[in-house]
Structures are given as C-alpha cells and as structure tokens.
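Let me begin by presenting the structure, written as structure tokens, before commenting on it.
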Amino acid sequence: MSDRISQALSRLFDKHRIVFWYDTKQELRSDYDAVSIPNVEKLEIANNEYGLKYRVLRESSEQKFLLYKEGPQPEDLDNWLLDVQLAHGEFRTDQVAIWLSELELGLEFAEVAQAHAEFFQAIKRKEALKKLLKPDDTAGQLRLKMLAVCAGSEPRMDSVVETLLQQLAEERDDGIRLIERCGLDSFLWEQLTRFYGYEASEPSLRDFVIELFKSCYAMTVGGERTDDEVKLTGDALVFLKRWKDSRQFEQGFETLSAECAEVLGIEQDLGKRDFRDLVELDYFRLIDQKIISDLVRAVVGRTVTSGDVALWVRQRRQGHWYGEFRHLYEAIEFAARFVQMLGEARLTMDSLSDGVQRYSRSWFQLDQLYRKFTYHVRMSGQASLMGELSEQVENLYSNNYLLKLGDGFQVHVDAASRWEAYPVVQQKAFFEHWVRPYLRKDKRICVIVSDAMRYEIGDELLGLIRQEDRYSAELEPALSTLPSYTQLGMAALLPNKSLAIADNDTGTVLLDGQSSQGTVNRTKILQAALDGRGQAVKAEDFMQLNREDSRELLKGNDVLYIYHNRIDHTGDKMHSEGQAFEAAEQTLDDLIRLIKKLTAANANNLLITADHGFIYQNRELDESDFLGDAVSGDDIRYRDRRFVLGKGLSASPAFHHFSSEQLGLDGDMEVQIPKSINRLRLKGSGSRFVHGGASLQEVVIPVLKVNKKRQSDVSAVEVDILRGASSVITSGQLAVTLYQSGPVTEKVQPRHLRAGIYTQSGELISDSHDLSFDLTSENPRERELQVRFVLSRKADEANGQEVFLKLEEQHAGTSHYKEYKSLRYLMRRSFTSDFDF
C-alpha cells in the first residue's frame with residue numbers, strides 16, 4: 001500500500017507544489033510516516049493553519065509540501081486553508097481516487113469512475129484504457145474509450161459498433177455483456193442516438209442493426225418513403241457503407257445482412273422493383289441475384305443493348321458482392337456483346353483469301369466472345385440460372401455463325417486449286433518469313449509454339465502483352481497447313497525445304513526426309529539449319545531453369561523454339577475436352593509468365609504462334625453434325641475426326657479431296673476433309689473439340705511479334721473533377737461528375753481512386769467511394785461518372801469553412817494513399833437542411 005501511495009503522491013507532485021492529504025478514517029498514519037519523497041517536506045495540519053499558510057506561501061514559496069491531516073476535511077467555512085487547497089492538489093485515498101491516480105486522471109473524473117466502478121476492478125482493463133488516454137480527454141471521451149476497451153475496438157464510435165456487430169454476427173455477446181456490467185450501456189445507446197439517430201424503448205444491437213439496414217435501404221432505393229421506413233440519419237448510411245467495405249468486418253456484415261434481408265422481407269420488395277433502380281445498391285446479396293436474374297432475361301429477350309449491359313456490369317464491379325458473382329456478370333456482358341455483334345455481322349466473302357482476311361480482321365471476335373461467355377458460365381457453376389441464355393448463345397453460335405461461316409468458306413475451298421490465301425503467309429514459310437530476318441540482323445530470336453492456340457486466343461494474348469510495361473506486340477494471321485493437325489503444323493514452323501506425310505499409318509510428318517516429332521528431332525533440324533546454334537525445349541522444362549541456366553541456354557543459341565501444350569492436351573482427350581476453354585485461360589497466364597521469364601533471361605525478341613486452331617462447341621453434338629457417309633478407298637492409312645489420309649480414296653460429296661501437291665506437300669498421300677464443320681465418328685474420341693479440317697477457326701493461326709523496350713511506355717488514364725454551377729455545399733449530399741479524359745487502351749491503363757470529402761485538418765466528413773476508371777469508349781459523354789457523397793454529422797462542425805473533395809491513389813503494394821487531385825468547396829449549410837421536407 002505504501003508503495004502505491006508514494007507513486008500516486010509523486011505523480012501529483014509532478015503537477016502541484018502543495019498537496020493536501022485528509023486521512024478521513026484515521027487509518028493511514030503509519031503510511032504517512034513511511035512516505036518519503038525527494039524534495040518534498042511533510043507537515044501536519046493540527047490547529048496550526050495560520051502558521052502553515054505563512055510557511056508554505058511566504059517563507060518557502062518554492063518548496064514542495066505534503067500537508068497531512070488526521071481526520072476529515074473541515075467544512076468550507078471552517079477551512080482556513082481552502083484557498084490554498086483549491087489552488088493546488090488533493091490526495092485522496094478512497095478506491096476511486098486510487099484508480100484515478102493510477103490512470104493519472106484528475107478528480108473531475110471521480111463521478112465517471114464511481115458510476116462505472118466495475119470497469120476499474122480489472123487491472124487489464126485499466127492498463128488498456130491508460131494506453132488510450134490523452135491529457136485533454138473529456139468525460140464523454142473517457143467513456144468512449146472505456147466502451148472501446150470493453151468491445152475490444154479502436155476508440156471511435158464506428159469502430160466500437162463494427163466490433164460489437166461482428167460479435168453479434170458470431171453469436172457472441174461478451175462485449176455487450178461487459179458494457180452492461182460496467183454500466184456503460186446507457187452511454188452506448190445515447191451515442192447511437194447522437195451519431196445515427198437510433199432510438200428505441202428497449203434498445204439492443206439486433207434491433208439497431210435491423211433499423212440500420214431498413215433505413216439505409218429506404219434512403220437509397222428510390223420511390224416514395226415514409227418516416228416509418230427511415231428513422232436513422234445520413235450518418236447511418238455513411239457508417240453502413242464503411243462497414244460493408246471493411247476487410248476486417250465484412251464477414252459479420254454479410255451474416256447480418258442476410259438475417260436482416262429475411263426480417264425485412266427484402267426478397268419480396270425487390271420482386272416489385274426494376275433492376276435499373278438497384279444498380280448502385282449493394283447492402284444485400286439478394287440485390288445482385290435480382291439484377292443478374294433480370295439481366296439474363298433482358299439479354300435473352302433482347303430488350304437491352306450491349307452498351308447498357310456493359311455500363312451496368314461496370315457499376316456492379318464497385319459492389320460488395322461482385323467477387324462472388326463476377327463470372328455471372330462477365331458471362332452476361334459477353335453474351336450481350338456476342339448477340340449484338342452477330343446481329344450486325346455480314347458473313348459473306350469473295351474468295352478463300354478474302355475469307356481468311358475478314359476472319360482475322362473481325363469475325364474471330366465472335367469465337368472469342370463465345371469462348372469467354374462459355375468459360376464464365378462454367379466457372380460460375382450456375383448452369384440452371386444461365387440455362388436459357390446459354391441455349392440461345394449455343395444456337396446462335398452453332399447455327400447462325402459456325403455452320404453458316406463454315407458453309408460459306410467451304411464454297412471457296414472447293415473452288416481453290418491450291419491451298420493458299422495470298423497475301424496471307426503460309427505456315428510452311430514461317431521460318432523464312434518471320435525468323436530469318438532477325439538472323440540477318442544478327443539478332444537472337446525465341447519462338448514460342450502453343451499447341452492449338454487459335455487466332456482469337458492470340459488476339460487476347462496480344463492485349464495482355466501490350467498492357468505490360470515496356471512490351472510492344474503486333475499480331476498477323478498465317479494460314480496453317482492442311483490437314484490442320486499437330487504433327488504437320490509443328491513441322492511446317494521449322495526451317496524446311498520439303499514436307500511430306502510419311503507413307504504409313506502413323507500420320508508422322510517427314511521434314512526434308514527426317515521425322516519432326518518430339519523435341520530431340522526438332523533440335524536436330526534446328527541445329528542442321530543453324531550450324532549448331534538452335535534448340536527445341538518444352539515450356540515446362542524451361543520454366544524450371546534458374547536464371548543463370550536460362551541465360552546460358554539463350555546465349556548458346558541463335559534460335560530457341562519453346563513448345564507449350566495445354567489447350568490441345570486438354571481438348572484432344574474425351575474426358576477433358578469440356579475444359580478446353582479453361583485450358584485457354586490458363587494458357588494465357590502460362591504464356592505471360594513464360595514471356596517474362598524469357599525477357600528476364602535477356603531475350604528481347606519473341607515470336608509466338610500455333611500449329612493449328614480448333615472448333616469447339618460446348619454442348620453435345622446432334623447426329624446431323626456427324627457424317628453419315630463412310631470413308632472408303634483402296635488404302636485408308638489414317639483417320640481422325642476431321643480428316644482422312646490414304647491412297648485411292650473414293651470421291652464423296654461429303655468430303656473435299658486434296659492431293660499432296662495441292663496442299664504444297666511432297667509425296668503422293670491423298671487427303672480428304674469433311675466439308676464445313678462436319679465430323680467423322682472416331683471410337684474413344686471426343687467430338688466437341690476438333691481440328692484437322694479447313695474451317696477458318698482451324699486454319700487461321702496467330703503470329704505475334706513481341707519486343708521488350710528499354711523505357712517505360714505505360715501510363716494511367718487522367719481523371720478530372722468537373723465542378724458544377726456552385727462551389728458551395730448547402731445540403732447533406734453532394735453530387736459530382738468525374739471525367740476520364742481519354743479511353744483506356746493497352747498502354748493507357750485504368751486508374752483506381754478513392755474519393756471523399758475532407759476538412760482542412762484531413763478528417764473525412766462523407767462516405768468514401770472506391771472508383772475504377774477503366775472506360776474504353778471513344779465518346780467523351782460515355783466517360784463521365786456520377787458520384788453522390790453523403791455528408792456525415794461531422795460536416796456540421798465544418799460549417800462556414802472550406803472543405804476538400806479529394807481523389808486519392810494507393811501507393812503500389814502498400815495500404816497508403818497519396819493525393820491525386822482535389823477541389824475546394826465552401827460548407828454553408830442552413831439549419832433547414834436538417835429537415836427532410
């Protein structure tokens with residue numbers, strides 16, 4: 001006890017020269033006698049007040065004194081030393097005083113400590129509180145900090161509420177029970193009234209959270225609303241937006257949102273509303289379900305444009321639940337674009353060459369949109385929800401596009417005497433046309449061959465490469481060899497004088513007389529053509545090399561061919577052909593990583609191409625998609641789903657017949673290819689993913705030229721704040737237009753900003769918005785973004801002052817933000833702005 005008294009007295013002497021000690025119960029004489037504090041003189045009050053007063057105020061006006069009286073403090077009228085006592089300090093030895101002393105709080109907080117004695121009983125709570133205290137704390141701030149300690153939160157009201165609601169969501173009541181035990185519950189409800197307007201005859205956290213969702217939904221959903229629907233203030237809306245965007249508490253938000261949706265009958269209410277009125281709302285998961293359901297119907301019914309769908313999906317990207325529903329939104333957007341583009345497409349051509357060129361300029365996008373749609377539907381796992389839309393897209397793709405284009409192209413295939421599409425370069429000229437020019441300039445070159453990476457996938461890869469800093473890329477089409485199968489396509493990409501299909505039943509291709517199958521044989525071919533300075537490796541083997549070994553490999557070769565095989569490996573197997581589009585997505589990731597590893601190993605020039613493309617239809621095929629005609633002839637050597645090899649093959653109207661010479665091949669092997677997109681039945685083989693034939697999807701292959709630059713060439717799009725007619729804020733909300741100065745391109749990338757209204761001292765006085773500026777439209781009007789800020793109660797304190805609308809940008813890889821742009825406003829709110837009418 002003596003130690004604690006000494007410590008408490010020492011702290012008082014840090015603030016006061018004279019300290020009074022009344023031993024009211026006359027039980028601490030021994031403690032007084034034991035106290036010894038350096039530079040403090042002890043004096044006892046015992047009918048000597050006048051002399052003491054003279055001594056401490058006149059004779060020793062610099063000396064520190066401890067004045068002790070055994071017994072209670074006299075009444076004020078009888079207290080000769082009252083003026084000295086009031087001007088200096090008093091040491092109290094009751095429990096409340098000891099607590100205050102331990103916390104270095106003045107006696108003005110005695111009432112708080114007395115009222116919440118339970119709080120101070122625990123040493124841990126006192127220690128936690130002490131860390132939060134500041135010299136200028138008021139009684140209200142002290143209670144708020146006590147609330148924070150009980151809840152286990154930051155000492156801010158919103159943080160206290162977020163933490164308590166998280167506990168409610170987890171069906172824990174330790175925080176609120178402790179608050180009640182410490183007598184702080186009435187203070188909590190007072191603060192919820194003060195901050196958010198919450199009032200109830202029997203307040204509870206569950207009642208508050210129901211009122212919170214009810215009021216905020218009614219405030220923002222539009223239409224007529226009654227006082228009964230909106231009982232809370234705008235600050236409640238600011239709180240709800242902050243809470244739902246909190247990484248720490250999002251789980252609790254989602255749990256309570258679901259509970260409140262049920263209590264408030266949100267599903268029934270949403271059923272009566274137009275989804276267009278909901279695109280800015282994200283308080284309930286049901287809102288996303290409603291919007292998605294209605295969007296699917298609208299796209300199926302063709303009552304919306306793809307531009308509108310893109311805008312709505314973009315707005316939803318800012319929403320809380322977008323991550324969960326991303327694949328559905330993406331699928332809907334791709335479906336809308338596909339339907340619109342197909343409706344506008346003219347699938348006619350004047351020649352085989354014209355068809356190839358038109359395909360590589362625009363038609364390929366329909367295959368790309370179909371692939372992206374199908375991929376996202378599969379990834380969403382919502383086959384039933386997307387059933388009608390999937391059915392429509394499948395029918396349009398198969399009948400109105402794939403079959404129609406296949407039939408149209410077949411006319412020109414039938415009319416051609418040789419397999420060529422000048423000026424489009426033929427695949428067998430790949431080495432001389434694209435690789436040789438680098439060697440003439442003494443530049444090393446890496447060639448990546450991705451099996452079955454058809455043209456539309458190459459186009460998506462082009463965009464991804466161009467987005468990367470310091471990378472430039474160009475895309476050209478080439479015409480693959482026929483039949484469009486792996487062994488022939490792979491051989492045609494190597495340096496060659498003659499190509500021939502082996503005169504046996506293997507389908508093997510001989511390049512200048514030797515086998516071109518496998519990396520060992522391909523390395524031999526490269527080394528023979530390049531005086532030993534060429535090599536072929538598998539992509540997975542190259543990716544496992546360390547930096548030193550990969551640099552040595554590049555240094556030792558003028559030409560390096562790297563073979564990647566994910567799409568064909570997946571699609572060509574019956575059990576996995578349905579995952580062909582997932583394999584395409586993974587291929588894009590693989591190739592970006594491979595490109596970066598190559599450039600890190602000092603490869604500055606890359607070519608990326610494919611051996612062939614493919615046809616893929618997601619649903620099971622009809623009987624009509626298979627040829628009824630049996631293959632016949634003198635000597636059938638090899639058959640696949642899209643071609644037949646042999647000699648003396650019988651003519652059939654279902655097939656187009658080629659001699660090796662017509663295909664630019666040596667030897668006398670004959671080739672038959674089913675017309676248009678028809679398949680041959682092949683035992684133990686899939687039928688949805690096929691290649692080998694002459695459709696545009698199979699024979700137009702991409703050739704990408706990739707170059708790594710020395711200087712950065714990527715920038716972020718600029719964003720401006722468009723000031724309205726007034727620079728004065730007069731109400732509880734502020735609507736602002738933000739303008740993206742130009743379209744996003746591969747090299748002008750999106751900008752992600754956080755927007756809010758702040759005081760001069762940097763305090764946020766509105767809700768905060770995370771915004772993505774990623775618009776690609778050339779039309780300036782379509783690059784405007786309307787943002788509505790809801791002001792919090794703290795904005796009242798800034799009345800008459802300048803405030804700032806700030807756009808802030810996150811430092812890459814950190815949680816810190818820097819100011820991007822700001823605009824000044826004058827806060828001039830009338831008292832009438834507090835009224836809703």
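Ordered as shown in the structure tokens, chains take letters A, B, and onward, while each chain numbers its residues from 1 and ligands are numbered from 1 in the order shown.
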**Message:** Give me the residues near Leu753 in chain A as number ranges by chain, where near means some atom within 12 Å (using only C-alpha atoms) and where sequence neighbours in that chain fewer than 3 positions away do not count.
**Reply:** A: 318, 716-720, 738, 740, 750, 756, 768-774, 806-811, 817-822
Produce a file of the selected residues containing C-alpha atoms, as an mmCIF file, in the first residue's frame.
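Here's the written file selection_24.cif:
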data_model
loop_
_atom_site.group_PDB
_atom_site.id
_atom_site.type_symbol
_atom_site.label_atom_id
_atom_site.label_comp_id
_atom_site.auth_asym_id
_atom_site.auth_seq_id
_atom_site.Cartn_x
_atom_site.Cartn_y
_atom_site.Cartn_z
ATOM 1 C CA GLN A 318 -17.830 -1.470 -57.325
ATOM 2 C CA ALA A 716 -2.533 5.661 -66.352
ATOM 3 C CA VAL A 717 -5.575 7.479 -67.668
ATOM 4 C CA GLU A 718 -6.174 11.015 -66.329
ATOM 5 C CA VAL A 719 -9.295 11.865 -64.316
ATOM 6 C CA ASP A 720 -10.770 15.348 -63.794
ATOM 7 C CA LEU A 738 -15.815 12.798 -62.571
ATOM 8 C CA GLN A 740 -11.998 10.166 -67.565
ATOM 9 C CA PRO A 750 -7.081 2.191 -65.816
ATOM 10 C CA GLY A 756 -14.227 11.522 -50.221
ATOM 11 C CA SER A 768 -15.868 7.131 -49.179
ATOM 12 C CA HIS A 769 -16.032 5.691 -52.717
ATOM 13 C CA ASP A 770 -13.554 3.327 -54.373
ATOM 14 C CA LEU A 771 -13.716 4.093 -58.092
ATOM 15 C CA SER A 772 -12.237 2.407 -61.170
ATOM 16 C CA PHE A 773 -11.716 4.473 -64.308
ATOM 17 C CA ASP A 774 -11.389 1.800 -66.994
ATOM 18 C CA LYS A 806 -10.147 14.619 -52.637
ATOM 19 C CA LEU A 807 -9.253 11.906 -55.120
ATOM 20 C CA GLU A 808 -6.534 9.681 -53.667
ATOM 21 C CA GLU A 809 -4.441 6.939 -55.239
ATOM 22 C CA GLN A 810 -2.983 3.953 -53.430
ATOM 23 C CA HIS A 811 0.794 3.556 -53.398
ATOM 24 C CA TYR A 817 -2.729 6.676 -50.216
ATOM 25 C CA LYS A 818 -1.396 9.856 -51.831
ATOM 26 C CA GLU A 819 -3.500 12.754 -53.088
ATOM 27 C CA TYR A 820 -4.163 12.650 -56.835
ATOM 28 C CA LYS A 821 -6.419 15.710 -57.256
ATOM 29 C CA SER A 822 -8.655 17.844 -55.073
#
Taking 5 positions as the minimum chain separation for residues in the same chain, which residues sit within 10 Å of Leu66 in chain A when counting only C-alpha atoms? Answer as a PDB file with all heavy atoms, in the first residue's frame.
ATOM      1  N   LEU A   9       1.391   9.908  -4.950  1.00  0.00           N
ATOM      2  CA  LEU A   9       1.813  11.241  -4.491  1.00  0.00           C
ATOM      3  C   LEU A   9       2.866  11.838  -5.429  1.00  0.00           C
ATOM      4  O   LEU A   9       2.813  13.032  -5.752  1.00  0.00           O
ATOM      5  CB  LEU A   9       2.357  11.157  -3.061  1.00  0.00           C
ATOM      6  CG  LEU A   9       1.289  11.009  -1.955  1.00  0.00           C
ATOM      7  CD1 LEU A   9       1.935  10.630  -0.633  1.00  0.00           C
ATOM      8  CD2 LEU A   9       0.490  12.319  -1.803  1.00  0.00           C
ATOM      9  N   PHE A  13       2.806  15.434  -7.337  1.00  0.00           N
ATOM     10  CA  PHE A  13       3.835  16.474  -7.194  1.00  0.00           C
ATOM     11  C   PHE A  13       4.467  16.862  -8.530  1.00  0.00           C
ATOM     12  O   PHE A  13       5.123  17.894  -8.621  1.00  0.00           O
ATOM     13  CB  PHE A  13       4.911  16.039  -6.178  1.00  0.00           C
ATOM     14  CG  PHE A  13       4.487  16.288  -4.750  1.00  0.00           C
ATOM     15  CD1 PHE A  13       4.232  15.233  -3.894  1.00  0.00           C
ATOM     16  CD2 PHE A  13       4.313  17.586  -4.275  1.00  0.00           C
ATOM     17  CE1 PHE A  13       3.826  15.449  -2.588  1.00  0.00           C
ATOM     18  CE2 PHE A  13       3.901  17.817  -2.961  1.00  0.00           C
ATOM     19  CZ  PHE A  13       3.664  16.750  -2.110  1.00  0.00           C
ATOM     20  N   ARG A  17       2.743  21.983  -6.436  1.00  0.00           N
ATOM     21  CA  ARG A  17       3.796  22.225  -5.416  1.00  0.00           C
ATOM     22  C   ARG A  17       3.307  21.817  -4.041  1.00  0.00           C
ATOM     23  O   ARG A  17       4.074  21.337  -3.197  1.00  0.00           O
ATOM     24  CB  ARG A  17       4.174  23.710  -5.428  1.00  0.00           C
ATOM     25  CG  ARG A  17       5.322  24.075  -4.484  1.00  0.00           C
ATOM     26  CD  ARG A  17       5.744  25.499  -4.675  1.00  0.00           C
ATOM     27  NE  ARG A  17       4.794  26.451  -4.172  1.00  0.00           N
ATOM     28  CZ  ARG A  17       4.723  26.878  -2.904  1.00  0.00           C
ATOM     29  NH1 ARG A  17       5.546  26.410  -1.979  1.00  0.00           N
ATOM     30  NH2 ARG A  17       3.820  27.770  -2.535  1.00  0.00           N
ATOM     31  N   ILE A  18       2.005  21.998  -3.784  1.00  0.00           N
ATOM     32  CA  ILE A  18       1.427  21.693  -2.469  1.00  0.00           C
ATOM     33  C   ILE A  18       0.326  20.651  -2.658  1.00  0.00           C
ATOM     34  O   ILE A  18      -0.539  20.806  -3.530  1.00  0.00           O
ATOM     35  CB  ILE A  18       0.835  22.959  -1.814  1.00  0.00           C
ATOM     36  CG1 ILE A  18       1.917  24.028  -1.665  1.00  0.00           C
ATOM     37  CG2 ILE A  18       0.196  22.628  -0.471  1.00  0.00           C
ATOM     38  CD1 ILE A  18       1.368  25.405  -1.320  1.00  0.00           C
ATOM     39  N   VAL A  19       0.343  19.550  -1.872  1.00  0.00           N
ATOM     40  CA  VAL A  19      -0.670  18.506  -1.947  1.00  0.00           C
ATOM     41  C   VAL A  19      -1.251  18.275  -0.552  1.00  0.00           C
ATOM     42  O   VAL A  19      -0.508  18.124   0.426  1.00  0.00           O
ATOM     43  CB  VAL A  19      -0.068  17.189  -2.496  1.00  0.00           C
ATOM     44  CG1 VAL A  19      -1.097  16.073  -2.413  1.00  0.00           C
ATOM     45  CG2 VAL A  19       0.402  17.374  -3.945  1.00  0.00           C
ATOM     46  N   PHE A  20      -2.597  18.302  -0.467  1.00  0.00           N
ATOM     47  CA  PHE A  20      -3.302  18.060   0.796  1.00  0.00           C
ATOM     48  C   PHE A  20      -3.686  16.582   0.874  1.00  0.00           C
ATOM     49  O   PHE A  20      -4.110  15.990  -0.117  1.00  0.00           O
ATOM     50  CB  PHE A  20      -4.578  18.916   0.867  1.00  0.00           C
ATOM     51  CG  PHE A  20      -4.313  20.370   1.151  1.00  0.00           C
ATOM     52  CD1 PHE A  20      -3.832  21.214   0.145  1.00  0.00           C
ATOM     53  CD2 PHE A  20      -4.551  20.886   2.410  1.00  0.00           C
ATOM     54  CE1 PHE A  20      -3.601  22.544   0.395  1.00  0.00           C
ATOM     55  CE2 PHE A  20      -4.315  22.235   2.668  1.00  0.00           C
ATOM     56  CZ  PHE A  20      -3.831  23.071   1.664  1.00  0.00           C
ATOM     57  N   TRP A  21      -3.560  16.025   2.113  1.00  0.00           N
ATOM     58  CA  TRP A  21      -3.934  14.613   2.327  1.00  0.00           C
ATOM     59  C   TRP A  21      -4.787  14.548   3.581  1.00  0.00           C
ATOM     60  O   TRP A  21      -4.308  14.782   4.683  1.00  0.00           O
ATOM     61  CB  TRP A  21      -2.667  13.769   2.477  1.00  0.00           C
ATOM     62  CG  TRP A  21      -2.928  12.288   2.743  1.00  0.00           C
ATOM     63  CD1 TRP A  21      -4.106  11.661   2.882  1.00  0.00           C
ATOM     64  CD2 TRP A  21      -1.916  11.279   2.907  1.00  0.00           C
ATOM     65  NE1 TRP A  21      -3.944  10.316   3.114  1.00  0.00           N
ATOM     66  CE2 TRP A  21      -2.600  10.045   3.135  1.00  0.00           C
ATOM     67  CE3 TRP A  21      -0.523  11.279   2.898  1.00  0.00           C
ATOM     68  CZ2 TRP A  21      -1.917   8.847   3.350  1.00  0.00           C
ATOM     69  CZ3 TRP A  21       0.143  10.081   3.091  1.00  0.00           C
ATOM     70  CH2 TRP A  21      -0.554   8.870   3.329  1.00  0.00           C
ATOM     71  N   TYR A  32       1.579   7.486   6.196  1.00  0.00           N
ATOM     72  CA  TYR A  32       2.084   8.867   6.093  1.00  0.00           C
ATOM     73  C   TYR A  32       3.509   8.943   6.639  1.00  0.00           C
ATOM     74  O   TYR A  32       4.400   9.537   6.026  1.00  0.00           O
ATOM     75  CB  TYR A  32       1.152   9.826   6.853  1.00  0.00           C
ATOM     76  CG  TYR A  32       1.762  11.201   7.058  1.00  0.00           C
ATOM     77  CD1 TYR A  32       1.934  12.070   5.981  1.00  0.00           C
ATOM     78  CD2 TYR A  32       2.171  11.625   8.342  1.00  0.00           C
ATOM     79  CE1 TYR A  32       2.501  13.323   6.175  1.00  0.00           C
ATOM     80  CE2 TYR A  32       2.728  12.864   8.530  1.00  0.00           C
ATOM     81  CZ  TYR A  32       2.902  13.723   7.449  1.00  0.00           C
ATOM     82  OH  TYR A  32       3.476  14.961   7.629  1.00  0.00           O
ATOM     83  N   VAL A  35       6.031   7.531   4.208  1.00  0.00           N
ATOM     84  CA  VAL A  35       6.247   8.195   2.909  1.00  0.00           C
ATOM     85  C   VAL A  35       7.484   9.076   2.956  1.00  0.00           C
ATOM     86  O   VAL A  35       7.666   9.855   3.909  1.00  0.00           O
ATOM     87  CB  VAL A  35       5.013   9.029   2.513  1.00  0.00           C
ATOM     88  CG1 VAL A  35       5.336   9.997   1.382  1.00  0.00           C
ATOM     89  CG2 VAL A  35       3.871   8.125   2.099  1.00  0.00           C
ATOM     90  N   ILE A  37       9.430  11.348  -0.052  1.00  0.00           N
ATOM     91  CA  ILE A  37       9.548  11.741  -1.463  1.00  0.00           C
ATOM     92  C   ILE A  37      10.624  12.808  -1.572  1.00  0.00           C
ATOM     93  O   ILE A  37      10.598  13.805  -0.824  1.00  0.00           O
ATOM     94  CB  ILE A  37       8.206  12.279  -1.987  1.00  0.00           C
ATOM     95  CG1 ILE A  37       7.099  11.220  -1.797  1.00  0.00           C
ATOM     96  CG2 ILE A  37       8.310  12.667  -3.464  1.00  0.00           C
ATOM     97  CD1 ILE A  37       5.704  11.746  -2.028  1.00  0.00           C
ATOM     98  N   VAL A  40      10.411  16.886  -1.074  1.00  0.00           N
ATOM     99  CA  VAL A  40       9.067  17.189  -0.559  1.00  0.00           C
ATOM    100  C   VAL A  40       9.140  17.182   0.972  1.00  0.00           C
ATOM    101  O   VAL A  40       9.593  16.218   1.589  1.00  0.00           O
ATOM    102  CB  VAL A  40       8.028  16.165  -1.041  1.00  0.00           C
ATOM    103  CG1 VAL A  40       6.676  16.412  -0.352  1.00  0.00           C
ATOM    104  CG2 VAL A  40       7.859  16.240  -2.566  1.00  0.00           C
ATOM    105  N   GLU A  41       8.662  18.296   1.559  1.00  0.00           N
ATOM    106  CA  GLU A  41       8.665  18.404   3.030  1.00  0.00           C
ATOM    107  C   GLU A  41       7.274  18.058   3.547  1.00  0.00           C
ATOM    108  O   GLU A  41       6.266  18.512   3.009  1.00  0.00           O
ATOM    109  CB  GLU A  41       9.023  19.842   3.444  1.00  0.00           C
ATOM    110  CG  GLU A  41       9.209  19.986   4.935  1.00  0.00           C
ATOM    111  CD  GLU A  41       9.615  21.401   5.338  1.00  0.00           C
ATOM    112  OE1 GLU A  41      10.251  22.102   4.500  1.00  0.00           O
ATOM    113  OE2 GLU A  41       9.288  21.803   6.464  1.00  0.00           O
ATOM    114  N   LYS A  42       7.228  17.185   4.587  1.00  0.00           N
ATOM    115  CA  LYS A  42       5.944  16.757   5.144  1.00  0.00           C
ATOM    116  C   LYS A  42       5.581  17.650   6.336  1.00  0.00           C
ATOM    117  O   LYS A  42       6.406  17.857   7.230  1.00  0.00           O
ATOM    118  CB  LYS A  42       6.015  15.300   5.600  1.00  0.00           C
ATOM    119  CG  LYS A  42       6.323  14.324   4.475  1.00  0.00           C
ATOM    120  CD  LYS A  42       6.032  12.872   4.848  1.00  0.00           C
ATOM    121  CE  LYS A  42       6.859  12.422   6.054  1.00  0.00           C
ATOM    122  NZ  LYS A  42       6.658  10.984   6.327  1.00  0.00           N
ATOM    123  N   LEU A  43       4.363  18.160   6.386  1.00  0.00           N
ATOM    124  CA  LEU A  43       3.861  18.955   7.502  1.00  0.00           C
ATOM    125  C   LEU A  43       2.469  18.441   7.882  1.00  0.00           C
ATOM    126  O   LEU A  43       1.705  18.030   7.011  1.00  0.00           O
ATOM    127  CB  LEU A  43       3.761  20.437   7.118  1.00  0.00           C
ATOM    128  CG  LEU A  43       5.078  21.155   6.766  1.00  0.00           C
ATOM    129  CD1 LEU A  43       4.781  22.555   6.270  1.00  0.00           C
ATOM    130  CD2 LEU A  43       6.006  21.214   7.982  1.00  0.00           C
ATOM    131  N   GLU A  44       2.170  18.497   9.201  1.00  0.00           N
ATOM    132  CA  GLU A  44       0.866  18.006   9.653  1.00  0.00           C
ATOM    133  C   GLU A  44      -0.019  19.190  10.024  1.00  0.00           C
ATOM    134  O   GLU A  44       0.425  20.167  10.648  1.00  0.00           O
ATOM    135  CB  GLU A  44       1.052  17.084  10.860  1.00  0.00           C
ATOM    136  CG  GLU A  44      -0.229  16.356  11.218  1.00  0.00           C
ATOM    137  CD  GLU A  44      -0.005  15.244  12.228  1.00  0.00           C
ATOM    138  OE1 GLU A  44       1.174  14.850  12.444  1.00  0.00           O
ATOM    139  OE2 GLU A  44      -1.002  14.773  12.802  1.00  0.00           O
ATOM    140  N   GLY A  89      -3.238  20.796  -5.126  1.00  0.00           N
ATOM    141  CA  GLY A  89      -3.770  19.457  -5.348  1.00  0.00           C
ATOM    142  C   GLY A  89      -4.235  18.783  -4.080  1.00  0.00           C
ATOM    143  O   GLY A  89      -3.844  19.156  -2.964  1.00  0.00           O
ATOM    144  N   GLU A  90      -5.076  17.745  -4.293  1.00  0.00           N
ATOM    145  CA  GLU A  90      -5.551  16.966  -3.146  1.00  0.00           C
ATOM    146  C   GLU A  90      -5.300  15.486  -3.425  1.00  0.00           C
ATOM    147  O   GLU A  90      -5.528  14.994  -4.527  1.00  0.00           O
ATOM    148  CB  GLU A  90      -7.046  17.201  -2.929  1.00  0.00           C
ATOM    149  CG  GLU A  90      -7.589  16.437  -1.725  1.00  0.00           C
ATOM    150  CD  GLU A  90      -9.109  16.496  -1.606  1.00  0.00           C
ATOM    151  OE1 GLU A  90      -9.744  17.260  -2.359  1.00  0.00           O
ATOM    152  OE2 GLU A  90      -9.657  15.737  -0.775  1.00  0.00           O
ATOM    153  N   PHE A  91      -4.804  14.808  -2.380  1.00  0.00           N
ATOM    154  CA  PHE A  91      -4.579  13.368  -2.491  1.00  0.00           C
ATOM    155  C   PHE A  91      -5.682  12.667  -1.727  1.00  0.00           C
ATOM    156  O   PHE A  91      -5.875  12.911  -0.541  1.00  0.00           O
ATOM    157  CB  PHE A  91      -3.198  13.010  -1.913  1.00  0.00           C
ATOM    158  CG  PHE A  91      -2.954  11.524  -1.853  1.00  0.00           C
ATOM    159  CD1 PHE A  91      -2.967  10.753  -3.015  1.00  0.00           C
ATOM    160  CD2 PHE A  91      -2.714  10.877  -0.641  1.00  0.00           C
ATOM    161  CE1 PHE A  91      -2.756   9.379  -2.964  1.00  0.00           C
ATOM    162  CE2 PHE A  91      -2.496   9.497  -0.603  1.00  0.00           C
ATOM    163  CZ  PHE A  91      -2.516   8.757  -1.768  1.00  0.00           C
TER     164      PHE A  91
END
**Atomic distance CA of Glu460 in chain A - CA of Leu475 in chain A, expressed in Å with one decimal** = 10.3 Å
**Request:** Tell me which protein, DNA and RNA residues are within 10 Å of Tyr563 in chain A, counting only C-alpha atoms, leaving out same-chain ones fewer than 4 positions away, and put them as a ChimeraX atom specification.
**Result:** /A:447-451,490,518-519,536-542,610
**Item:** Backbone DSSP call of strand (DSSP E) for range 440-653 of chain A, listed as a ChimeraX atom specification
**Value:** /A:445-450,471-479,499-501,509-511,514-515,534-538,559-564,605-609,615-616,633-639,644-649
**Request:** Quick one: pick out all helix (DSSP H, G or I) residues within range 560-752 of chain A from a backbone DSSP run and write them as number ranges by chain.
**Result:** A: 567-571, 577-600, 623-625, 696-699
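Using only C-alpha atoms, the smallest distance between any of A:Ala151, A:Ile501, A:Leu278, A:Ala755 and Gly664 in chain A comes from A:Ile501.
Note that CA of Tyr196 in chain A and CA of Ala236 in chain A are 5.0 Å apart.
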